[in-house]
>>> print(open('protein.cif').read())   # mmCIF, C-alpha atoms
data_data
#
loop_
_atom_site.label_atom_id
_atom_site.label_comp_id
_atom_site.auth_asym_id
_atom_site.auth_seq_id
_atom_site.Cartn_x
_atom_site.Cartn_y
_atom_site.Cartn_z
CA MET A 1 -23.01 -17.49 -19.18
CA ARG A 2 -22.70 -18.68 -15.60
CA HIS A 3 -19.80 -20.62 -14.13
CA ASP A 4 -18.92 -22.16 -10.77
CA LEU A 5 -15.47 -23.29 -9.81
CA GLU A 6 -13.43 -24.80 -7.00
CA TRP A 7 -9.67 -24.29 -6.67
CA ASN A 8 -7.29 -26.92 -5.32
CA SER A 9 -4.16 -25.12 -4.08
CA GLU A 10 -2.12 -28.32 -3.71
CA THR A 11 -2.59 -29.71 -7.21
CA GLN A 12 -3.00 -26.26 -8.80
CA THR A 13 -6.19 -27.41 -10.52
CA THR A 14 -9.59 -25.83 -10.84
CA ASN A 15 -12.80 -27.76 -11.36
CA LEU A 16 -14.95 -25.50 -13.51
CA GLU A 17 -18.65 -25.87 -14.21
CA VAL A 18 -19.99 -23.61 -16.94
CA SER A 19 -23.58 -23.00 -17.99
CA LEU A 20 -23.67 -21.74 -21.58
CA PRO A 21 -26.84 -20.36 -23.19
CA LEU A 22 -27.64 -21.91 -26.56
CA GLN A 23 -29.08 -19.48 -29.10
CA ASN A 24 -30.41 -22.21 -31.43
CA GLN A 25 -33.42 -23.85 -29.81
CA HIS A 26 -33.05 -26.91 -32.04
CA LEU A 27 -29.71 -27.80 -30.48
CA GLY A 28 -31.23 -28.86 -27.19
CA PRO A 29 -32.31 -27.33 -23.86
CA PRO A 30 -31.85 -23.57 -23.14
CA SER A 31 -28.43 -24.19 -21.59
CA VAL A 32 -25.94 -26.98 -21.20
CA LYS A 33 -23.57 -27.57 -18.27
CA LEU A 34 -20.02 -28.46 -19.12
CA SER A 35 -17.50 -29.85 -16.64
CA SER A 36 -13.94 -28.81 -17.27
CA LYS A 37 -10.65 -29.12 -15.46
CA VAL A 38 -8.03 -26.41 -15.66
CA THR A 39 -4.45 -27.20 -14.78
CA SER A 40 -2.26 -24.10 -14.34
CA TYR A 41 1.49 -23.98 -14.24
CA HIS A 42 2.28 -20.52 -12.91
CA THR A 43 5.29 -18.77 -14.34
CA SER A 44 7.67 -16.61 -12.34
CA ASP A 45 6.80 -13.62 -14.53
CA PRO A 46 3.73 -11.94 -13.03
CA ASP A 47 3.39 -9.61 -16.02
CA ALA A 48 3.04 -12.40 -18.55
CA ASP A 49 -0.13 -12.20 -20.63
CA LEU A 50 -2.84 -14.77 -20.09
CA ASN A 51 -2.21 -16.17 -23.57
CA THR A 52 1.48 -16.80 -22.87
CA LYS A 53 1.01 -18.75 -19.64
CA PRO A 54 1.32 -22.53 -20.12
CA GLU A 55 -2.19 -23.60 -19.21
CA ILE A 56 -3.98 -26.79 -20.22
CA TRP A 57 -7.74 -26.55 -20.63
CA GLN A 58 -9.48 -29.91 -20.87
CA ASN A 59 -12.88 -28.94 -22.26
CA VAL A 60 -15.74 -31.37 -22.36
CA GLY A 61 -18.28 -31.11 -25.15
CA ARG A 62 -17.45 -27.59 -26.34
CA GLU A 63 -14.50 -25.60 -27.62
CA PHE A 64 -14.31 -22.13 -26.12
CA ALA A 65 -13.78 -19.04 -28.22
CA THR A 66 -10.66 -16.96 -27.51
CA GLN A 67 -12.44 -14.08 -25.80
CA GLU A 68 -14.69 -16.47 -23.90
CA LEU A 69 -11.66 -18.37 -22.64
CA LYS A 70 -10.00 -15.14 -21.51
CA SER A 71 -13.16 -14.19 -19.64
CA LEU A 72 -13.18 -17.52 -17.82
CA LYS A 73 -9.51 -17.16 -16.88
CA ARG A 74 -10.05 -13.69 -15.47
CA SER A 75 -13.05 -14.91 -13.51
CA ILE A 76 -10.97 -17.69 -11.96
CA VAL A 77 -8.33 -15.19 -10.88
CA ALA A 78 -10.97 -12.83 -9.50
CA MET A 79 -12.56 -15.58 -7.42
CA ALA A 80 -9.28 -16.99 -6.12
CA LEU A 81 -8.10 -16.67 -2.55
CA SER A 82 -4.44 -16.14 -3.29
CA ARG A 83 -2.17 -17.22 -0.45
CA VAL A 84 0.86 -14.99 0.02
CA ASP A 85 4.11 -16.96 0.03
CA GLY A 86 5.53 -17.53 3.49
CA HIS A 87 4.68 -19.14 6.81
CA ASP A 88 1.71 -16.86 7.49
CA GLU A 89 -1.79 -17.97 6.54
CA LEU A 90 -2.35 -14.68 4.73
CA TYR A 91 -4.68 -14.52 1.75
CA VAL A 92 -5.57 -11.71 -0.63
CA GLY A 93 -8.36 -11.47 -3.17
CA GLY A 94 -11.49 -9.69 -4.33
CA ILE A 95 -14.93 -9.37 -2.81
CA TRP A 96 -16.19 -12.17 -5.09
CA ALA A 97 -14.02 -14.62 -3.13
CA LEU A 98 -15.86 -13.60 0.03
CA ARG A 99 -18.86 -15.51 -1.31
CA ARG A 100 -16.93 -18.78 -1.18
CA SER A 101 -17.73 -19.57 2.44
CA ASP A 102 -16.64 -23.21 2.13
CA SER A 103 -13.24 -22.15 0.82
CA LEU A 104 -12.86 -19.68 3.69
CA ALA A 105 -13.60 -22.46 6.17
CA GLU A 106 -11.23 -24.92 4.48
CA ARG A 107 -8.41 -22.41 4.78
CA HIS A 108 -9.22 -21.77 8.45
CA ILE A 109 -9.86 -18.08 7.84
CA THR A 110 -10.65 -16.41 11.16
CA HIS A 111 -10.21 -12.73 10.29
CA VAL A 112 -11.48 -10.79 7.27
CA LEU A 113 -10.23 -7.31 6.43
CA SER A 114 -12.43 -5.50 3.91
CA MET A 115 -10.75 -2.55 2.22
CA VAL A 116 -14.01 -1.62 0.53
CA GLY A 117 -17.48 -1.01 1.90
CA PHE A 118 -20.33 -3.28 0.83
CA ASN A 119 -23.91 -4.12 1.70
CA GLN A 120 -23.47 -7.01 4.11
CA SER A 121 -27.09 -8.10 3.86
CA SER A 122 -27.10 -8.35 0.07
CA LEU A 123 -23.77 -10.19 -0.29
CA LYS A 124 -24.59 -13.91 -0.29
CA ASN A 125 -22.54 -17.07 -0.56
CA PHE A 126 -23.29 -19.88 -3.00
CA LYS A 127 -25.65 -21.36 -0.42
CA ASP A 128 -27.75 -18.19 -0.67
CA GLU A 129 -26.81 -17.19 2.89
CA PRO A 130 -26.17 -13.47 3.51
CA TRP A 131 -22.86 -12.27 4.94
CA THR A 132 -24.74 -11.09 8.00
CA HIS A 133 -25.33 -14.78 8.73
CA TYR A 134 -22.20 -16.71 7.70
CA GLY A 135 -19.93 -13.74 8.37
CA ARG A 136 -20.52 -14.09 12.10
CA ASN A 137 -17.87 -16.81 12.12
CA TYR A 138 -15.14 -14.24 11.44
CA GLU A 139 -13.57 -11.23 13.04
CA HIS A 140 -14.40 -8.55 10.51
CA LEU A 141 -12.90 -5.07 10.02
CA VAL A 142 -14.10 -2.70 7.29
CA ILE A 143 -11.90 0.17 6.10
CA ASP A 144 -13.82 1.86 3.30
CA ILE A 145 -11.47 3.81 1.03
CA ASP A 146 -11.55 4.69 -2.66
CA ASP A 147 -9.09 3.24 -5.14
CA VAL A 148 -7.79 6.61 -6.36
CA ASP A 149 -4.30 8.07 -6.29
CA ASP A 150 -5.02 10.89 -3.83
CA THR A 151 -6.72 8.72 -1.19
CA ASP A 152 -4.97 8.92 2.18
CA LEU A 153 -4.04 5.27 2.67
CA LEU A 154 -1.22 6.03 5.13
CA ILE A 155 -3.60 7.07 7.90
CA GLU A 156 -5.29 3.64 7.75
CA LEU A 157 -2.18 1.45 7.59
CA PRO A 158 -1.42 1.15 11.35
CA ARG A 159 -4.94 -0.08 12.11
CA ALA A 160 -4.98 -2.48 9.16
CA VAL A 161 -1.52 -3.91 9.88
CA LYS A 162 -2.32 -4.48 13.56
CA PHE A 163 -5.56 -6.25 12.60
CA ILE A 164 -3.71 -8.58 10.21
CA ASP A 165 -1.00 -9.29 12.76
CA GLY A 166 -3.55 -10.00 15.47
CA GLY A 167 -5.40 -12.44 13.23
CA LEU A 168 -2.27 -14.33 12.23
CA ARG A 169 -1.04 -14.57 15.80
CA ALA A 170 -4.34 -15.78 17.15
CA GLY A 171 -4.51 -19.54 17.63
CA ARG A 172 -7.80 -21.21 18.15
CA ALA A 173 -9.56 -24.48 17.36
CA ILE A 174 -11.53 -24.03 14.16
CA ALA A 175 -14.94 -25.40 15.09
CA THR A 176 -17.54 -23.13 13.58
CA LYS A 177 -21.15 -24.11 13.26
CA SER A 178 -20.87 -24.61 9.52
CA ALA A 179 -17.80 -26.81 9.86
CA LEU A 180 -19.48 -29.00 12.48
CA GLY A 181 -22.67 -29.29 10.49
CA ILE A 182 -24.85 -28.19 13.43
CA LYS A 183 -28.54 -28.32 12.63
CA THR A 184 -30.28 -28.55 16.01
CA ILE A 185 -29.83 -27.04 19.46
CA GLU A 186 -29.03 -30.49 20.87
CA GLU A 187 -26.26 -31.00 18.32
CA GLY A 188 -24.92 -27.57 19.13
CA LEU A 189 -24.75 -28.27 22.86
CA GLU A 190 -23.09 -31.61 22.22
CA ALA A 191 -20.52 -29.96 19.95
CA LEU A 192 -19.76 -27.39 22.63
CA ASP A 193 -19.15 -30.18 25.15
CA VAL A 194 -16.82 -31.96 22.73
CA GLU A 195 -14.92 -28.74 22.00
CA SER A 196 -14.58 -27.91 25.69
CA SER A 197 -13.28 -31.36 26.57
CA SER A 198 -10.81 -31.24 23.68
CA ALA A 199 -9.54 -27.86 24.79
CA ALA A 200 -9.12 -29.15 28.33
CA LYS A 201 -6.94 -31.95 27.00
CA GLY A 202 -4.73 -29.43 25.25
CA SER A 203 -5.79 -30.12 21.69
CA GLU A 204 -3.69 -28.47 19.03
CA ALA A 205 -4.92 -25.03 18.05
CA VAL A 206 -4.97 -23.99 14.42
CA PRO A 207 -3.25 -20.67 13.67
CA GLY A 208 -5.67 -18.03 12.50
CA GLY A 209 -5.87 -17.23 8.81
CA VAL A 210 -6.49 -13.72 7.50
CA PHE A 211 -8.21 -12.81 4.23
CA VAL A 212 -7.68 -9.27 2.95
CA HIS A 213 -9.89 -8.18 0.09
CA CYS A 214 -11.07 -5.16 -1.85
CA ALA A 215 -13.28 -5.04 -4.93
CA ALA A 216 -10.99 -6.86 -7.37
CA GLY A 217 -8.04 -7.91 -5.20
CA LYS A 218 -5.67 -5.77 -7.23
CA SER A 219 -4.91 -2.42 -5.58
CA ARG A 220 -6.26 -1.61 -2.10
CA SER A 221 -5.98 -5.06 -0.57
CA VAL A 222 -2.55 -5.65 -2.11
CA ALA A 223 -1.30 -2.31 -0.79
CA VAL A 224 -2.30 -3.24 2.76
CA VAL A 225 -0.71 -6.69 2.46
CA ILE A 226 2.53 -5.09 1.27
CA ALA A 227 2.43 -2.67 4.21
CA TYR A 228 2.13 -5.64 6.57
CA LEU A 229 5.00 -7.52 4.90
CA LEU A 230 7.28 -4.48 5.09
CA TRP A 231 6.50 -4.11 8.79
CA ARG A 232 6.56 -7.79 9.76
CA HIS A 233 9.38 -9.07 7.52
CA PRO A 234 11.56 -6.06 6.61
CA ASN A 235 14.71 -8.17 6.31
CA LEU A 236 13.21 -10.11 3.40
CA PHE A 237 13.04 -7.03 1.19
CA ASP A 238 15.67 -4.57 2.48
CA PRO A 239 18.42 -4.29 -0.19
CA ASN A 240 20.94 -3.58 2.56
CA ILE A 241 20.37 -7.14 3.79
CA VAL A 242 19.33 -9.21 0.78
CA GLY A 243 21.38 -7.24 -1.75
CA SER A 244 20.34 -5.20 -4.73
CA ARG A 245 17.87 -6.97 -7.02
CA ASN A 246 18.16 -4.60 -9.95
CA GLY A 247 21.82 -5.37 -10.57
CA LYS A 248 22.75 -1.68 -10.64
CA LEU A 249 25.63 -0.48 -8.55
CA ASP A 250 25.42 3.19 -9.51
CA ASP A 251 23.13 4.04 -6.60
CA ALA A 252 25.20 2.18 -4.04
CA PRO A 253 27.59 4.23 -1.88
CA PRO A 254 31.32 3.68 -2.44
CA SER A 255 31.76 2.53 1.17
CA ASN A 256 30.14 -0.33 3.03
CA GLU A 257 27.81 2.08 4.82
CA PRO A 258 24.19 0.94 4.41
CA ARG A 259 21.81 3.11 2.45
CA SER A 260 19.02 4.96 4.22
CA ARG A 261 15.42 3.84 4.04
CA ARG A 262 14.68 6.76 1.79
CA GLN A 263 17.31 5.57 -0.66
CA THR A 264 16.07 1.98 -0.63
CA ALA A 265 12.32 2.68 -0.55
CA HIS A 266 11.64 2.18 -4.25
CA GLU A 267 13.66 -1.02 -4.54
CA THR A 268 12.23 -2.44 -1.31
CA LEU A 269 8.66 -1.79 -2.40
CA HIS A 270 9.27 -3.38 -5.80
CA ALA A 271 10.64 -6.50 -4.10
CA ALA A 272 7.59 -6.76 -1.83
CA LEU A 273 5.20 -6.31 -4.76
CA THR A 274 7.01 -8.98 -6.75
CA HIS A 275 6.68 -11.30 -3.76
CA VAL A 276 2.89 -10.86 -3.73
CA GLN A 277 2.66 -11.22 -7.51
CA ARG A 278 4.11 -14.74 -7.31
CA THR A 279 0.70 -16.00 -6.22
CA ARG A 280 -1.40 -12.99 -7.24
CA PRO A 281 -0.16 -11.98 -10.71
CA MET A 282 -2.79 -9.25 -11.07
CA ALA A 283 -1.55 -7.41 -7.95
CA GLU A 284 -0.88 -3.78 -8.86
CA PRO A 285 -1.65 -0.93 -6.42
CA ASN A 286 -2.26 2.45 -8.04
CA ASP A 287 0.58 4.96 -8.32
CA GLY A 288 -0.61 7.01 -5.35
CA PHE A 289 -0.64 3.96 -3.08
CA MET A 290 2.82 2.95 -4.28
CA SER A 291 4.20 6.38 -3.39
CA GLN A 292 2.59 6.20 0.03
CA LEU A 293 4.02 2.73 0.62
CA GLU A 294 7.49 4.07 -0.15
CA LEU A 295 6.89 6.75 2.48
CA TRP A 296 5.59 4.05 4.86
CA TRP A 297 8.93 2.26 4.51
CA GLU A 298 10.90 5.48 4.89
CA MET A 299 8.96 6.29 8.09
CA GLY A 300 9.92 2.91 9.54
CA CYS A 301 6.43 1.36 9.25
CA PRO A 302 5.06 3.12 12.38
CA VAL A 303 2.34 0.79 13.63
CA GLU A 304 2.41 2.18 17.16
CA GLY A 305 1.83 5.82 18.02
CA ASP A 306 0.02 8.55 16.15
CA ILE A 307 1.10 8.55 12.53
CA GLU A 308 -0.35 12.03 12.09
CA GLN A 309 2.39 13.38 14.36
CA HIS A 310 5.18 11.94 12.24
CA PRO A 311 7.14 14.74 10.49
CA LEU A 312 7.25 12.87 7.17
CA TYR A 313 3.50 12.30 7.21
CA GLN A 314 2.84 15.94 8.08
CA ARG A 315 5.03 17.09 5.19
CA TRP A 316 3.32 14.69 2.78
CA ALA A 317 -0.15 15.74 3.97
CA TYR A 318 0.74 19.41 3.59
CA HIS A 319 2.00 18.91 0.04
CA ARG A 320 -1.26 17.10 -0.70
CA GLU A 321 -3.20 20.05 0.71
CA VAL A 322 -1.17 22.46 -1.41
CA GLU A 323 -1.89 20.46 -4.57
CA GLU A 324 -5.62 20.49 -3.86
CA ASN A 325 -5.65 24.29 -3.44
CA VAL A 326 -3.45 24.94 -6.46
CA ALA A 327 -5.77 22.77 -8.55
CA VAL A 328 -8.56 25.32 -7.96
CA GLY A 329 -6.26 28.30 -8.53
CA GLN A 330 -5.63 29.54 -5.01
CA ALA A 331 -2.77 29.65 -2.54
CA PRO A 332 -3.03 27.28 0.44
CA PRO A 333 -4.85 28.87 3.39
CA ARG A 334 -2.50 27.21 5.86
CA LEU A 335 1.23 27.87 5.82
CA ARG A 336 3.76 25.39 7.16
CA PHE A 337 7.29 26.61 7.79
CA GLU A 338 9.93 23.90 7.89
CA ASP A 339 12.11 25.66 10.46
CA GLU A 340 9.17 26.00 12.87
CA VAL A 341 8.45 22.27 13.07
CA ALA A 342 10.59 19.46 14.41
CA ALA A 343 13.74 19.41 12.33
CA GLY A 344 14.17 15.63 12.51
CA ASP A 345 17.22 13.95 11.09
CA LYS A 346 18.94 16.06 8.45
CA THR A 347 21.66 15.03 6.08
CA ASN A 348 23.08 16.86 3.12
CA GLU A 349 19.60 17.83 1.97
CA LEU A 350 17.54 20.98 2.16
CA GLY A 351 13.94 20.58 3.24
CA GLY A 352 13.71 17.07 1.85
CA LEU A 353 15.01 17.92 -1.65
CA SER A 354 18.48 16.75 -2.59
CA LEU A 355 21.05 19.27 -3.77
CA ARG A 356 21.94 18.90 -7.44
CA SER A 357 25.32 20.11 -8.63
CA LEU A 358 23.86 21.03 -12.02
CA CYS A 359 21.08 23.16 -10.56
CA GLN A 360 21.42 26.92 -10.29
CA HIS A 361 18.92 27.03 -7.42
CA HIS A 362 18.43 25.54 -3.99
CA PHE A 363 14.89 24.17 -3.65
CA ILE A 364 13.79 24.24 -0.01
CA GLU A 365 10.69 24.05 2.17
CA PRO A 366 8.94 27.27 3.33
CA LEU A 367 10.92 28.96 6.13
CA GLY A 368 9.79 31.39 8.79
CA TRP A 369 11.50 34.44 7.27
CA MET A 370 9.25 34.03 4.21
CA ARG A 371 6.10 34.56 6.28
CA SER A 372 5.40 38.19 5.30
CA GLU A 373 5.48 37.31 1.60
CA LEU A 374 3.57 34.03 1.76
CA GLU A 375 0.80 35.45 3.93
CA LYS A 376 -0.19 37.70 1.01
CA GLY A 377 -1.95 34.65 -0.44
CA GLU A 378 -0.42 34.95 -3.91
CA LEU A 379 0.24 31.90 -6.07
CA ASN A 380 3.73 33.10 -6.94
CA GLY A 381 6.14 35.90 -6.17
CA ARG A 382 9.66 36.96 -5.27
CA LEU A 383 11.57 36.12 -2.12
CA GLN A 384 13.46 39.06 -0.68
CA CYS A 385 15.96 39.40 2.13
CA PRO A 386 13.90 40.16 5.26
CA THR A 387 16.43 42.70 6.53
CA PRO A 388 14.86 46.17 6.04
CA ARG A 389 18.21 47.68 5.14
CA CYS A 390 18.73 45.11 2.39
CA GLY A 391 15.56 43.87 0.72
CA ALA A 392 17.54 42.27 -2.08
CA GLY A 393 15.91 39.52 -4.06
CA VAL A 394 17.23 36.08 -3.15
CA GLY A 395 14.81 33.82 -4.97
CA ARG A 396 11.24 33.18 -5.98
CA TYR A 397 8.35 30.84 -5.26
CA ASP A 398 5.39 29.36 -7.10
CA TRP A 399 2.79 27.13 -5.49
CA LYS A 400 2.09 25.63 -8.93
CA GLY A 401 5.77 24.80 -9.30
CA PHE A 402 8.30 25.46 -12.03
CA LYS A 403 11.08 23.68 -13.88
CA CYS A 404 14.64 23.79 -12.60
CA SER A 405 17.60 24.39 -14.89
CA CYS A 406 18.40 20.66 -14.66
CA GLY A 407 15.03 19.82 -16.20
CA ALA A 408 13.27 18.59 -13.04
CA TRP A 409 9.83 19.94 -12.21
CA VAL A 410 9.37 20.91 -8.54
CA THR A 411 5.92 21.49 -7.01
CA PRO A 412 5.48 23.61 -4.96
CA ALA A 413 8.71 25.46 -5.71
CA PHE A 414 10.64 27.63 -3.25
CA SER A 415 13.94 28.46 -4.87
CA LEU A 416 16.98 30.40 -3.69
CA GLN A 417 19.63 31.48 -6.17
CA LYS A 418 22.98 29.85 -5.45
CA GLY A 419 24.77 33.14 -5.93
CA ARG A 420 22.65 34.76 -3.20
CA VAL A 421 23.30 32.27 -0.40
CA ASP A 422 26.30 30.61 1.19
CA ASP A 423 26.74 26.86 1.45
CA VAL A 424 27.94 25.79 4.89
CA VAL A 425 29.20 22.50 6.28
CA VAL A 426 26.53 21.07 8.56
CA ARG A 427 27.70 19.62 11.83
CA SER A 428 26.13 16.57 13.39
CA PRO A 429 22.75 17.52 14.93
CA ALA A 430 23.56 15.27 17.91
CA THR A 431 26.28 17.65 19.13
CA THR A 432 24.31 20.89 18.79
CA THR A 433 20.92 21.59 20.31
CA SER A 434 20.55 25.39 20.16
CA ASP A 435 17.97 27.04 17.95
CA ALA A 436 20.69 28.56 15.80
CA ALA A 437 22.27 25.15 15.30
CA ARG A 438 18.88 23.69 14.38
CA LYS A 439 18.46 26.33 11.69
CA GLN A 440 22.02 25.73 10.57
CA SER A 441 21.20 22.06 10.10
CA LEU A 442 18.85 23.11 7.30
CA GLY A 443 21.93 24.03 5.28
CA ILE A 444 20.91 27.66 4.67
CA ARG A 445 22.80 30.70 5.86
CA MET A 446 20.16 32.96 7.40
CA PRO A 447 20.03 36.65 6.34
CA PRO A 448 22.13 38.95 8.59
CA GLY A 449 19.13 40.56 10.27
CA VAL A 450 17.56 37.33 11.51
CA ARG A 451 20.44 35.01 12.40
CA GLU A 452 21.51 34.76 16.02
CA VAL A 453 25.15 33.94 15.43
CA ASN A 454 27.55 33.98 12.54
CA LEU A 455 27.18 30.66 10.79
#
>>> encode(input="protein.cif", output="structure tokens")
Amino acid sequence: MRHDLEWNSETQTTNLEVSLPLQNQHLGPPSVKLSSKVTSYHTSDPDADLNTKPEIWQNVGREFATQELKSLKRSIVAMALSRVDGHDELYVGGIWALRRSDSLAERHITHVLSMVGFNQSSLKNFKDEPWTHYGRNYEHLVIDIDDVDDTDLLIELPRAVKFIDGGLRAGRAIATKSALGIKTIEEGLEALDVESSSAAKGSEAVPGGVFVHCAAGKSRSVAVVIAYLLWRHPNLFDPNIVGSRNGKLDDAPPSNEPRSRRQTAHETLHAALTHVQRTRPMAEPNDGFMSQLELWWEMGCPVEGDIEQHPLYQRWAYHREVEENVAVGQAPPRLRFEDEVAAGDKTNELGGLSLRSLCQHHFIEPLGWMRSELEKGELNGRLQCPTPRCGAGVGRYDWKGFKCSCGAWVTPAFSLQKGRVDDVVVRSPATTTSDAARKQSLGIRMPPGVREVNL
């Protein structure tokens, strides 16, 4: 079965031409072409099944089977250039939509961001032209990553977001060779003269359109589009500004003080994904990308600067490295001690893990006084007071992780018994700059032999 289609975004209709093979040779020629019109009325629920969406299929000459109809619907979605709601000419879709060169031109696409690698000479449009030919009309950036949970998407986000922003900001007169119908050199020179004279008269420039795609237009491309939306339009999704969308007030602080980005990351990301799903119902980045997008929001969407130097990225990358080593049954070869890196902003948390009143342990990040034990390269062991005169056990660690008394599983786990340490009130980091104060901001009372002052 072969089918060609054309989508009209204004009337929400699709003209569909289907070539169906006929198994019975007595019924006519080997195949018959049917012309059909599909009118879709999109619902606000992006998770609705294809069968539940109110769609009218006006079939000509043949009634489609249920599975065949589902296949056609999925093909239409896969080939669509879904425009993200808003003022930006931002589109998302799959690589199949890249073959629709006429549709790209009609939407004034000037920039194409490919989140998947492909053979540019073998990909052809419906005019049998390779991408190496008709793709010269576009600014093209390829970021080849795999659609798996442990792929490092964060490292690519600044480059991708800046490319999208540059394409949307660019204004130029859309006058490509294909749009002008240039066939000869003389026509080309004449078109250039017309374009130059129009530009000299100050003709209106058309804002650039950007098409972001991956293989299916479901995970990688959607993740990058969400990253752009969170950076470019944060106020549209921040619960502190637009209010909570989940209707729950349990997580909200009792005062009017706004929640931190870490506290709002999950809700903000869900709002941005829902926004994309309005026009791209199949949008659904994998779980690993969703977690990284939450971290992207918590980091403040750092487009400028080196993201690898950001403390939150370094911590995330190190945990990823630990998981890879633990998966093969070995301790990580590189140790990262939280008190030997930039402390950053600290609140009432220890090493990035919130204190739980029900827990009998404090879970923290590796600290410098643990060095002698961790450098043994063991997967698990006991944490002892580093003072030679003491040597008492204060906790334990396990790179594979273990379950806390509250039921939560922590990986990797560095736990200190509550009865072996003192809780202290942390002063504002802005008023103290000494090394002792920086260690104090971690919320842990250092052992007597290693602390500089009485905390």
>>> atom_distance(input="protein.cif", atom1="atom CA of Glu298 of chain A", atom2="atom CA of Asp147 of chain A")
22.5 Å
>>> residues_around(input="protein.cif", residues="Tyr228 of chain A", least_positions_apart="3", cutoff="10 Å", atoms="all atoms listed in the file", output="JSON list (two decimals) with C-alpha atoms, keeping the file's coordinate frame")
[["chain", "number", "residue", "atom", "x", "y", "z"],
["A", 157, "LEU", "CA", -2.18, 1.45, 7.59],
["A", 158, "PRO", "CA", -1.42, 1.15, 11.35],
["A", 160, "ALA", "CA", -4.98, -2.48, 9.16],
["A", 161, "VAL", "CA", -1.52, -3.91, 9.88],
["A", 162, "LYS", "CA", -2.32, -4.48, 13.56],
["A", 163, "PHE", "CA", -5.56, -6.25, 12.60],
["A", 164, "ILE", "CA", -3.71, -8.58, 10.21],
["A", 165, "ASP", "CA", -1.00, -9.29, 12.76],
["A", 222, "VAL", "CA", -2.55, -5.65, -2.11],
["A", 223, "ALA", "CA", -1.30, -2.31, -0.79],
["A", 224, "VAL", "CA", -2.30, -3.24, 2.76],
["A", 225, "VAL", "CA", -0.71, -6.69, 2.46],
["A", 231, "TRP", "CA", 6.50, -4.11, 8.79],
["A", 232, "ARG", "CA", 6.56, -7.79, 9.76],
["A", 233, "HIS", "CA", 9.38, -9.07, 7.52],
["A", 234, "PRO", "CA", 11.56, -6.06, 6.61],
["A", 301, "CYS", "CA", 6.43, 1.36, 9.25],
["A", 303, "VAL", "CA", 2.34, 0.79, 13.63]]
>>> resolve_selection(input="protein.cif", expression="the PyMOL selection byres ((chain A and resi 144) around 6)", output="CSV table (one decimal) with C-alpha atoms, in the frame of the given file")
chain,number,residue,atom,x,y,z
A,115,MET,CA,-10.8,-2.6,2.2
A,116,VAL,CA,-14.0,-1.6,0.5
A,117,GLY,CA,-17.5,-1.0,1.9
A,143,ILE,CA,-11.9,0.2,6.1
A,145,ILE,CA,-11.5,3.8,1.0
>>> atom_distance(input="protein.cif", atom1="atom CA of Ile95 of chain A", atom2="atom CA of Phe118 of chain A")
8.9 Å
>>> residues_around(input="protein.cif", residues="Glu308 of chain A", least_positions_apart="6", cutoff="12 Å", atoms="all atoms listed in the file", output="PyMOL selection string")
chain A and resi 152+154-158+299+302+314-318
>>> write_last_selection(input="protein.cif", atoms="C-alpha atoms", output="mmCIF file, in the frame of the given file")
data_model
loop_
_atom_site.group_PDB
_atom_site.id
_atom_site.type_symbol
_atom_site.label_atom_id
_atom_site.label_comp_id
_atom_site.auth_asym_id
_atom_site.auth_seq_id
_atom_site.Cartn_x
_atom_site.Cartn_y
_atom_site.Cartn_z
ATOM 1 C CA ASP A 152 -4.970 8.920 2.180
ATOM 2 C CA LEU A 154 -1.220 6.030 5.130
ATOM 3 C CA ILE A 155 -3.600 7.070 7.900
ATOM 4 C CA GLU A 156 -5.290 3.640 7.750
ATOM 5 C CA LEU A 157 -2.180 1.450 7.590
ATOM 6 C CA PRO A 158 -1.420 1.150 11.350
ATOM 7 C CA MET A 299 8.960 6.290 8.090
ATOM 8 C CA PRO A 302 5.060 3.120 12.380
ATOM 9 C CA GLN A 314 2.840 15.940 8.080
ATOM 10 C CA ARG A 315 5.030 17.090 5.190
ATOM 11 C CA TRP A 316 3.320 14.690 2.780
ATOM 12 C CA ALA A 317 -0.150 15.740 3.970
ATOM 13 C CA TYR A 318 0.740 19.410 3.590
#
>>> resolve_selection(input="protein.cif", expression="the PyMOL selection byres ((chain A and resi 286) around 12)", output="PyMOL selection string")
chain A and resi 146-151+153+218-223+273+283-285+287-293
>>> closest_residue(input="protein.cif", among="A:Pro311, A:Gly401, A:Pro281, A:Gly393", to="Leu295 of chain A", atoms="all atoms listed in the file")
A:Pro311
>>> atom_distance(input="protein.cif", atom1="atom CA of Glu267 of chain A", atom2="atom CA of Pro239 of chain A")
7.2 Å
>>> residues_around(input="protein.cif", residues="Phe237 of chain A", least_positions_apart="5", cutoff="10 Å", atoms="only C-alpha atoms", output="VMD selection string")
chain A and resid 229 to 230 242 to 245 264 to 265 267 to 273 275
>>> closest_residue(input="protein.cif", among="A:Phe211, A:Ile109, A:Ser260, A:Gly395", to="Val84 of chain A", atoms="all atoms listed in the file")
A:Phe211
>>> closest_residue(input="protein.cif", among="A:Phe126, A:Trp96, A:Trp399, A:Tyr138", to="Val322 of chain A", atoms="only C-alpha atoms")
A:Trp399
>>> resolve_selection(input="protein.cif", expression="the PyMOL selection byres ((chain A and resi 97-106) around 8)", output="NGL selection string")
:A and (78-81 or 93-96 or 107-109 or 123-126 or 134 or 179)
>>> closest_residue(input="protein.cif", among="A:Arg278, A:Lys127, A:His111, A:Arg396", to="Arg169 of chain A", atoms="only C-alpha atoms")
A:His111
>>> closest_residue(input="protein.cif", among="A:Leu416, A:Leu90, A:Leu141, A:Ala65", to="Thr279 of chain A", atoms="all atoms listed in the file")
A:Leu90
>>> residues_around(input="protein.cif", residues="Gly208 of chain A", least_positions_apart="4", cutoff="6 Å", atoms="all atoms listed in the file", output="PyMOL selection string")
chain A and resi 110+167-168+170-171
